Amino acid sequence: MASLEGKRKVAWTVLVLAGVLEAVWAISLEKSQGFTQWLPSVVFFAALALSMFGLSFALRTLPLGTSYAVWVGIGATITVIYGMVAGGESVNFVRIALIAGLIMCVIGLKLVDGAGVTA
């Protein structure tokens, strides 16, 4: 039987990949133009299913609140960065600072995972 630490490492890896796939399905949803474009629609449903599977897999080992916050944080960060790079969203210091803060929160949640850190 695998060690708890080994299971946690696998769960974190799958959770990060599921977060990336969350961004993929969000971007594909916009590109599908209300599911009128077949390729982005197929990508949306595939990424959605894989992302949800990854999140559910991670939840077997990791706490719900941490997992969900990390999953959403990764997806939101990538989606906003994509929007700024693709030119659809404004780029300014405040937006970049807020995204950096979001990234730091995701990293922080990973760092305190299982560390017994209390307030």
# chains A, B, ... in the order shown; residues from 1 in each chain; ligands from 1
>>> closest_atom_pairs(of="segment 11-83 of chain A", to="segment 88-103 of chain A", cutoff="9 Å", atoms="only C-alpha atoms", output="JSON lines")
{"residue": "A:Gly73", "atom": "CA", "partner": "A:Leu102", "partner_atom": "CA", "distance": 6.5}
{"residue": "A:Ile74", "atom": "CA", "partner": "A:Ile103", "partner_atom": "CA", "distance": 7.5}
{"residue": "A:Ala76", "atom": "CA", "partner": "A:Ile99", "partner_atom": "CA", "distance": 8.9}
{"residue": "A:Thr77", "atom": "CA", "partner": "A:Ile99", "partner_atom": "CA", "distance": 6.2}
{"residue": "A:Val80", "atom": "CA", "partner": "A:Glu89", "partner_atom": "CA", "distance": 7.7}
{"residue": "A:Ile81", "atom": "CA", "partner": "A:Ile99", "partner_atom": "CA", "distance": 8.3}
{"residue": "A:Tyr82", "atom": "CA", "partner": "A:Gly88", "partner_atom": "CA", "distance": 8.7}
{"residue": "A:Gly83", "atom": "CA", "partner": "A:Glu89", "partner_atom": "CA", "distance": 5.2}
>>> write_last_selection(atoms="C-alpha atoms", output="compact mmCIF listing (two decimals), in the first residue's frame")
# COMPACT_ATOMS: atom_id res chain seq x y z
CA GLY A 73 -7.46 29.46 -8.28
CA ILE A 74 -5.39 27.70 -10.93
CA ALA A 76 -9.05 31.43 -12.79
CA THR A 77 -5.40 32.50 -12.95
CA VAL A 80 -7.38 35.68 -16.74
CA ILE A 81 -3.81 35.52 -18.04
CA TYR A 82 -5.12 34.05 -21.29
CA GLY A 83 -7.63 36.91 -21.53
>>> select_by_dssp(residues="chain A", states="helix (DSSP H, G or I)", output="ChimeraX atom specification")
/A:4-31,38-58,64-85,93-112
>>> closest_residue(among="A:Gly75, A:Pro40, A:Gly87, A:Gly54", to="Leu15 of chain A", atoms="only C-alpha atoms")
A:Gly54
>>> closest_residue(among="A:Val106, A:Ile27, A:Leu50, A:Val43", to="Gly65 of chain A", atoms="only C-alpha atoms")
A:Val106
>>> residues_around(residues="Ser28 of chain A", least_positions_apart="5", cutoff="12 Å", atoms="only C-alpha atoms", output="ChimeraX atom specification")
/A:21-23,33-48,79,82
>>> residues_around(residues="segment 2-7 of chain A", least_positions_apart="4", cutoff="9 Å", atoms="only C-alpha atoms", output="ChimeraX atom specification")
/A:11-12,61
>>> atom_distance(atom1="atom CA of Phe57 of chain A", atom2="atom CA of Lys31 of chain A")
27.6 Å
>>> closest_residue(among="A:Leu59, A:Ala18, A:Met104, A:Val10", to="Val72 of chain A", atoms="only C-alpha atoms")
A:Ala18
>>> closest_residue(among="A:Val24, A:Val112, A:Ala86, A:Val16", to="Tyr68 of chain A", atoms="only C-alpha atoms")
A:Val16
>>> closest_residue(among="A:Ile78, A:Leu111, A:Cys105, A:Val85", to="Ala26 of chain A", atoms="only C-alpha atoms")
A:Ile78
>>> atom_distance(atom1="atom CA of Arg8 of chain A", atom2="atom CA of Ala69 of chain A")
16.4 Å
>>> atom_distance(atom1="atom CA of Lys110 of chain A", atom2="atom CA of Trp25 of chain A")
23.6 Å
